[in-house]
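**Student:** Below is upload_39.txt; it holds compact mmCIF, C-alpha atoms and all ligand atoms.
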# COMPACT_ATOMS: atom_id res chain seq x y z
CA MET W 1 -74.86 5.11 82.10
CA LEU W 2 -78.23 6.19 80.76
CA ALA W 3 -79.85 4.38 77.92
CA ILE W 4 -79.98 6.53 74.81
CA ARG W 5 -83.61 7.14 73.93
CA MET W 6 -85.08 6.95 70.44
CA GLU W 7 -86.43 10.49 70.69
CA GLU W 8 -82.97 11.91 70.84
CA THR W 9 -82.45 11.36 67.14
CA GLU W 10 -85.05 14.09 66.60
CA LYS W 11 -85.59 16.43 69.52
CA ALA W 12 -82.81 17.47 71.82
CA VAL W 13 -85.02 19.75 73.88
CA ARG W 14 -88.73 20.40 74.19
CA ALA W 15 -90.15 22.93 76.61
CA SER W 16 -93.82 23.71 76.96
CA SER W 17 -95.50 26.37 79.08
CA LEU W 18 -92.23 26.61 80.99
CA CYS W 19 -92.28 29.03 83.93
CA LYS W 20 -89.62 29.87 86.48
CA GLU W 21 -90.31 32.09 89.46
CA TYR W 22 -87.86 33.10 92.14
CA GLN W 23 -89.26 34.26 95.43
CA ILE W 24 -87.33 36.61 97.65
CA GLY W 25 -89.42 37.40 100.72
CA ASP W 26 -92.82 38.56 99.41
CA PHE W 27 -91.35 39.51 96.08
CA ILE W 28 -91.75 37.15 93.12
CA ILE W 29 -89.50 37.42 90.08
CA GLU W 30 -90.85 35.81 86.94
CA ALA W 31 -87.60 34.76 85.24
CA LEU W 32 -89.29 32.64 82.52
CA ILE W 33 -92.92 33.02 81.49
CA ASP W 34 -94.92 30.45 79.54
CA LEU W 35 -92.06 29.53 77.28
CA ASP W 36 -92.51 27.04 74.42
CA LEU W 37 -89.49 25.76 72.54
CA GLU W 38 -88.34 22.85 70.40
CA ILE W 39 -84.74 22.24 69.43
CA GLU W 40 -83.78 19.45 67.08
CA THR W 41 -80.55 17.54 67.52
CA GLY W 42 -77.60 18.90 65.58
CA LYS W 43 -78.88 22.47 65.61
CA PHE W 44 -76.87 25.46 66.73
CA VAL W 45 -79.08 27.83 68.71
CA SER W 46 -78.16 31.26 69.95
CA ILE W 47 -80.08 33.17 72.60
CA TYR W 48 -79.78 36.89 73.11
CA GLY W 49 -81.57 39.37 75.31
CA ALA W 50 -80.83 42.06 77.87
CA SER W 51 -79.30 41.33 81.25
CA GLY W 52 -81.96 39.67 83.41
CA ALA W 53 -83.98 38.41 80.41
CA GLY W 54 -83.68 34.79 81.60
CA LYS W 55 -80.93 33.34 79.40
CA THR W 56 -78.92 31.67 82.17
CA THR W 57 -82.09 30.48 83.89
CA LEU W 58 -83.21 28.78 80.67
CA LEU W 59 -79.81 27.10 80.12
CA ASN W 60 -79.75 25.86 83.72
CA ILE W 61 -83.25 24.36 83.41
CA ILE W 62 -82.45 22.67 80.08
CA GLY W 63 -79.32 21.16 81.65
CA GLY W 64 -81.11 19.90 84.75
CA LEU W 65 -79.21 22.26 87.07
CA ASP W 66 -82.36 24.12 88.06
CA GLU W 67 -86.04 23.16 88.21
CA PRO W 68 -88.90 25.00 86.54
CA THR W 69 -91.76 26.25 88.73
CA SER W 70 -94.28 24.81 86.25
CA GLY W 71 -94.46 23.51 82.70
CA GLU W 72 -92.61 20.74 80.96
CA ILE W 73 -88.97 20.33 80.05
CA VAL W 74 -87.93 17.23 78.12
CA ALA W 75 -84.31 16.71 77.09
CA PHE W 76 -83.42 13.73 74.89
CA GLY W 77 -86.70 12.10 75.78
CA HIS W 78 -86.21 12.52 79.54
CA ASP W 79 -88.95 14.50 81.31
CA LEU W 80 -86.62 16.26 83.74
CA ARG W 81 -89.31 17.27 86.21
CA THR W 82 -90.01 13.66 87.09
CA TYR W 83 -86.49 12.90 88.33
CA GLY W 84 -84.57 13.44 91.55
CA GLU W 85 -81.08 14.87 91.96
CA SER W 86 -79.18 11.60 91.65
CA PHE W 87 -80.70 10.82 88.25
CA LEU W 88 -80.18 14.43 87.15
CA ALA W 89 -76.48 14.21 88.04
CA THR W 90 -76.17 11.10 85.87
CA PHE W 91 -78.20 12.79 83.14
CA ARG W 92 -75.91 15.83 83.14
CA SER W 93 -72.79 13.72 83.00
CA ALA W 94 -74.10 11.69 80.03
CA TYR W 95 -75.82 14.39 77.99
CA ILE W 96 -74.68 17.88 78.88
CA GLY W 97 -71.49 19.87 78.52
CA PHE W 98 -71.72 23.16 80.41
CA VAL W 99 -69.50 26.12 79.66
CA PHE W 100 -70.09 28.92 82.15
CA GLN W 101 -69.32 32.58 81.66
CA SER W 102 -66.88 32.51 84.58
CA TYR W 103 -65.07 29.30 83.46
CA ASN W 104 -65.51 27.52 86.85
CA LEU W 105 -62.28 25.53 86.62
CA VAL W 106 -60.97 23.81 89.74
CA SER W 107 -58.16 26.14 90.82
CA THR W 108 -56.02 23.42 92.42
CA LEU W 109 -55.99 21.23 89.30
CA THR W 110 -53.91 21.74 86.16
CA SER W 111 -55.51 22.10 82.72
CA PHE W 112 -54.87 18.41 82.11
CA GLU W 113 -56.39 17.42 85.46
CA ASN W 114 -59.43 19.66 84.96
CA VAL W 115 -60.13 17.81 81.71
CA ALA W 116 -59.25 14.36 83.09
CA PHE W 117 -61.51 14.76 86.14
CA PRO W 118 -64.91 14.30 84.40
CA LEU W 119 -63.47 11.35 82.46
CA GLU W 120 -62.45 9.63 85.69
CA LEU W 121 -65.87 10.37 87.19
CA ALA W 122 -67.42 8.67 84.17
CA GLY W 123 -65.32 5.55 84.78
CA TRP W 124 -62.40 6.07 82.40
CA SER W 125 -59.00 5.04 83.70
CA GLY W 126 -55.27 4.80 82.96
CA LYS W 127 -53.92 5.49 79.52
CA SER W 128 -57.38 6.10 78.00
CA VAL W 129 -57.83 9.15 80.27
CA GLU W 130 -54.44 10.47 79.27
CA ASN W 131 -55.08 10.00 75.54
CA ARG W 132 -58.53 11.54 75.67
CA ALA W 133 -57.47 14.54 77.78
CA GLU W 134 -54.55 15.19 75.42
CA GLU W 135 -56.84 14.92 72.40
CA LEU W 136 -59.25 17.46 73.96
CA LEU W 137 -56.50 19.91 74.86
CA LYS W 138 -55.25 19.61 71.29
CA LEU W 139 -58.74 20.34 69.97
CA VAL W 140 -58.78 23.64 71.87
CA GLY W 141 -55.14 24.40 70.98
CA LEU W 142 -53.70 24.12 74.48
CA CYS W 143 -51.36 21.10 74.46
CA ASP W 144 -48.56 23.35 75.64
CA ARG W 145 -50.55 24.50 78.68
CA SER W 146 -51.53 21.11 80.11
CA ASN W 147 -49.46 21.53 83.29
CA HIS W 148 -50.58 25.08 83.98
CA PHE W 149 -52.98 25.87 86.80
CA PRO W 150 -55.97 28.15 86.01
CA ALA W 151 -54.29 31.15 87.72
CA GLN W 152 -51.39 30.75 85.28
CA LEU W 153 -53.68 30.95 82.23
CA SER W 154 -55.23 33.92 80.46
CA GLY W 155 -59.02 34.29 80.53
CA GLY W 156 -59.30 32.99 76.96
CA GLU W 157 -57.11 29.98 77.79
CA GLN W 158 -59.18 29.18 80.87
CA GLN W 159 -62.31 29.32 78.77
CA ARG W 160 -60.72 26.93 76.24
CA VAL W 161 -59.90 24.48 79.06
CA ALA W 162 -63.54 24.84 80.15
CA PHE W 163 -64.62 23.80 76.63
CA ALA W 164 -62.23 20.83 76.67
CA ARG W 165 -63.63 19.75 80.04
CA ALA W 166 -67.24 20.18 78.89
CA LEU W 167 -66.51 18.04 75.82
CA ALA W 168 -64.74 15.29 77.79
CA ASN W 169 -67.57 12.75 77.73
CA ASP W 170 -68.63 13.78 74.23
CA PRO W 171 -72.05 15.02 75.39
CA PRO W 172 -74.69 15.42 72.68
CA LEU W 173 -75.68 18.86 74.01
CA MET W 174 -73.39 21.80 74.79
CA LEU W 175 -74.87 24.63 76.88
CA VAL W 176 -72.69 27.67 76.58
CA ASP W 177 -73.28 30.84 78.60
CA GLU W 178 -71.75 34.02 77.15
CA PRO W 179 -68.46 32.27 76.35
CA THR W 180 -66.76 35.39 75.01
CA GLY W 181 -68.49 37.84 77.37
CA ASN W 182 -65.37 38.37 79.50
CA LEU W 183 -62.83 38.29 76.67
CA ASP W 184 -61.46 40.90 74.33
CA ILE W 185 -62.26 40.49 70.63
CA GLY W 186 -58.95 38.81 69.69
CA THR W 187 -59.03 36.29 72.53
CA GLY W 188 -62.67 35.55 71.85
CA LEU W 189 -61.76 34.44 68.32
CA GLU W 190 -60.25 31.18 69.63
CA ILE W 191 -63.58 30.41 71.31
CA VAL W 192 -65.49 31.23 68.11
CA LYS W 193 -63.23 28.73 66.28
CA ILE W 194 -64.04 26.00 68.80
CA LEU W 195 -67.75 26.66 68.32
CA GLU W 196 -67.25 26.50 64.53
CA LYS W 197 -65.69 23.04 64.96
CA LEU W 198 -68.65 21.92 67.09
CA LYS W 199 -71.03 23.11 64.40
CA GLU W 200 -69.06 21.22 61.72
CA ARG W 201 -69.39 18.10 63.88
CA GLU W 202 -73.16 18.70 64.12
CA LYS W 203 -73.10 18.86 67.90
CA THR W 204 -76.25 20.41 69.37
CA VAL W 205 -75.21 23.75 70.86
CA ILE W 206 -77.28 26.30 72.75
CA ALA W 207 -75.32 29.47 73.36
CA ALA W 208 -76.40 32.59 75.22
CA THR W 209 -74.40 35.26 73.46
CA HIS W 210 -74.32 38.74 72.00
CA ASP W 211 -71.21 37.98 69.98
CA ARG W 212 -72.08 38.49 66.29
CA ARG W 213 -69.44 35.94 65.26
CA ILE W 214 -71.21 33.25 67.29
CA MET W 215 -74.71 34.42 66.36
CA LYS W 216 -73.72 33.98 62.70
CA LEU W 217 -73.23 30.23 63.30
CA ALA W 218 -76.79 29.79 64.55
CA ASP W 219 -79.49 27.81 62.72
CA LEU W 220 -81.98 29.32 65.13
CA THR W 221 -81.77 32.57 67.08
CA LEU W 222 -84.05 33.30 70.02
CA HIS W 223 -84.66 36.73 71.45
CA LEU W 224 -85.60 36.57 75.12
CA LYS W 225 -87.19 39.60 76.72
CA ASP W 226 -88.38 39.72 80.32
CA GLY W 227 -88.65 35.93 80.45
CA ARG W 228 -90.50 35.49 77.16
CA ILE W 229 -89.37 34.52 73.68
CA VAL W 230 -90.32 37.56 71.62
CA ASP W 231 -88.68 36.54 68.36
CA ILE W 232 -87.41 33.38 66.68
CA ASP W 233 -85.18 33.76 63.66
CA GLU W 234 -84.57 30.65 61.51
N1 LIG L 1 -81.18 32.48 92.27
C1 LIG L 1 -81.94 33.52 91.98
N2 LIG L 1 -82.75 34.07 92.92
C2 LIG L 1 -83.55 35.11 92.63
N3 LIG L 1 -83.64 35.68 91.42
C3 LIG L 1 -82.87 35.18 90.44
C4 LIG L 1 -81.99 34.09 90.67
N4 LIG L 1 -81.36 33.80 89.50
C5 LIG L 1 -81.83 34.69 88.61
N5 LIG L 1 -82.73 35.52 89.17
C6 LIG L 1 -83.48 36.59 88.48
O1 LIG L 1 -84.10 36.03 87.34
C7 LIG L 1 -84.01 36.89 86.22
C8 LIG L 1 -83.30 36.19 85.07
O2 LIG L 1 -81.95 35.99 85.44
P1 LIG L 1 -80.89 35.33 84.46
O3 LIG L 1 -79.65 35.13 85.23
O4 LIG L 1 -81.50 34.13 83.83
O5 LIG L 1 -80.71 36.47 83.36
P2 LIG L 1 -79.71 36.54 82.13
O6 LIG L 1 -80.52 36.79 80.90
O7 LIG L 1 -78.82 35.37 82.12
O8 LIG L 1 -78.89 37.87 82.47
P3 LIG L 1 -77.33 38.24 82.21
O9 LIG L 1 -77.25 38.68 80.76
O10 LIG L 1 -77.07 39.39 83.14
O11 LIG L 1 -76.49 37.04 82.51
C9 LIG L 1 -83.30 38.14 86.72
O12 LIG L 1 -84.27 39.10 87.04
C10 LIG L 1 -82.58 37.67 87.97
O13 LIG L 1 -82.44 38.72 88.89
MG MG L 2 -76.77 35.12 82.37
Translate the structure of the given file into structure tokens.

**Tutor:**
Amino acid sequence: MLAIRMEETEKAVRASSLCKEYQIGDFIIEALIDLDLEIETGKFVSIYGASGAGKTTLLNIIGGLDEPTSGEIVAFGHDLRTYGESFLATFRSAYIGFVFQSYNLVSTLTSFENVAFPLELAGWSGKSVENRAEELLKLVGLCDRSNHFPAQLSGGEQQRVAFARALANDPPLMLVDEPTGNLDIGTGLEIVKILEKLKEREKTVIAATHDRRIMKLADLTLHLKDGRIVDIDE
């Protein structure tokens, strides 16, 4: 497991002059342009902006899932550009909980197994896995769905399992990509409640969202437009 760095008590994320280009043939897409950003630990940050503005790209780079083309990205004191994939995999498992818009649950595993899986990968075993997975399913209000497979769950329930899984190793940073984007207003409320609990627990959260109920939780709101931060609201 990674050593916790001193810096993490202050800054969760620091990006400077961050750029991300995608090249398709001769065509270059500038997804992020010269982006500077600092996020302190314990803050709840929301990011909004039109489709294609760069929200998912930014979350993926912060979480070490994607590499910037240039610039610096430091998360919990780790300069992510200096590391290879094997370190980044360890980094993600120790520091990051991802919640994707499309849930990304393993379809052949039950809710319980989807949550237990990252615990086992992190070296948990036996009864401790069972207790922790049950505790997480309780947190998201799904104890009675632990033996259901994803196809047997509603969209909102699948997203709640995705939160439980992302929280399994108690990561200091949750990266959440449009968590209510595919849900109707009523179903989305359960997700908003989970995010409220995370805020109460002072977990660092970065959420790409247009959901007013989630934006209201934010200490810091970023407006991304065409790959640039055009407004920061504190
Ligand atoms: N793998 C890729 N290859 C090429 N271009 C990409 C790739 N991923 C993203 N892009 C482009 O980068 C830009 C930013 O994409 P991104 O997915 O970050 O936007 P977004 O703000 O998350 O949009 P949405 O609200 O639709 O999810 C877009 O123009 C997109 O087409
Ligand atoms: Mg996106």

**Student:** Around ligand LIG 1 (chain L), at most 9 Å away and counting all atoms listed in the file, which residues are there? Put them as an NGL selection string, please.

**Tutor:** :W and (20-24 or 28-32 or 48-60 or 101 or 177-178 or 208-209 or 224-227)

**Student:** Expressed in Å to a single decimal, how great is the separation between atom CA of W:Leu137 and atom CA of W:Val176?

**Tutor:**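 Result for atom CA of W:Leu137 versus atom CA of W:Val176: 18.0 Å, one decimal.
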
**Student:** When you draw a straight line from atom CA of W:Asp231 to atom CA of W:Met215, how long is it in Å?

**Tutor:** 14.3 Å

**Student:** Distance atom CA of W:Ile47-atom CA of W:Leu222, one decimal place?

**Tutor:**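 Atom-to-atom, atom CA of W:Ile47 to atom CA of W:Leu222, that is 4.7 Å.
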
**Student:** With a distance cut-off of 8 Å and only C-alpha atoms, select the neighbouring residues of stretch 191-193 of chain W, excluding the residue or stretch itself and same-chain residues fewer than 6 positions from it, and output the selection as JSON, numbers by chain.

**Tutor:** {"W": [156, 159, 160, 179, 180, 213, 214]}

**Student:** Any idea what's packed within 12 Å of W:Gly84, counting all atoms listed in the file, ignoring anything in its chain fewer than 5 positions away? Could you give it as a PyMOL selection string?

**Tutor:** chain W and resi 64-67+79+89-91

**Student:** Using only C-alpha atoms and all ligand atoms, find the one residue out of W:Phe27, W:Phe117, W:Phe100, W:Tyr95 that sits nearest to ligand MG 2 (chain L).

**Tutor:** W:Phe100

**Student:** If we count all atoms listed in the file, what is near W:Arg165 at a cut-off of 9 Å, once residues fewer than 3 positions away on the same chain are taken out, given as an MDAnalysis selection string?

**Tutor:** chainID W and resid 97:99 105 111 114:119 133 136:137 160:162 168:169

**Student:** W:Leu183, W:Gln158, W:Glu234, W:Ser102: which is nearest ligand MG 2 (chain L), counting only C-alpha atoms and all ligand atoms?

**Tutor:**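 Residue with the minimum atom-to-atom distance to ligand MG 2 (chain L): W:Ser102.
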
**Student:** Please check which residues have atoms at most 12 Å from (-64.0, 28.6, 65.8) in the file's coordinates, counting all atoms listed in the file, and write them as a list in words.

**Tutor:**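 The residues near that point, listed by chain and number, are Leu139, Val140, Gly141, Arg160, Phe163, Thr180, Thr187, Gly188, Leu189, Glu190, Ile191, Val192, Lys193, Ile194, Leu195, Glu196, Lys197, Leu198, Lys199, Glu200, Arg201, Arg213, Ile214, Lys216 and Leu217 of chain W.
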
**Student:** Using all atoms listed in the file, pick whichever of W:Arg212, W:Leu35, W:Glu10, W:Ser17 has the shortest atom-to-atom distance to W:Arg228.

**Tutor:**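 Once distances to W:Arg228 are computed over all atoms listed in the file, the minimum belongs to W:Leu35.
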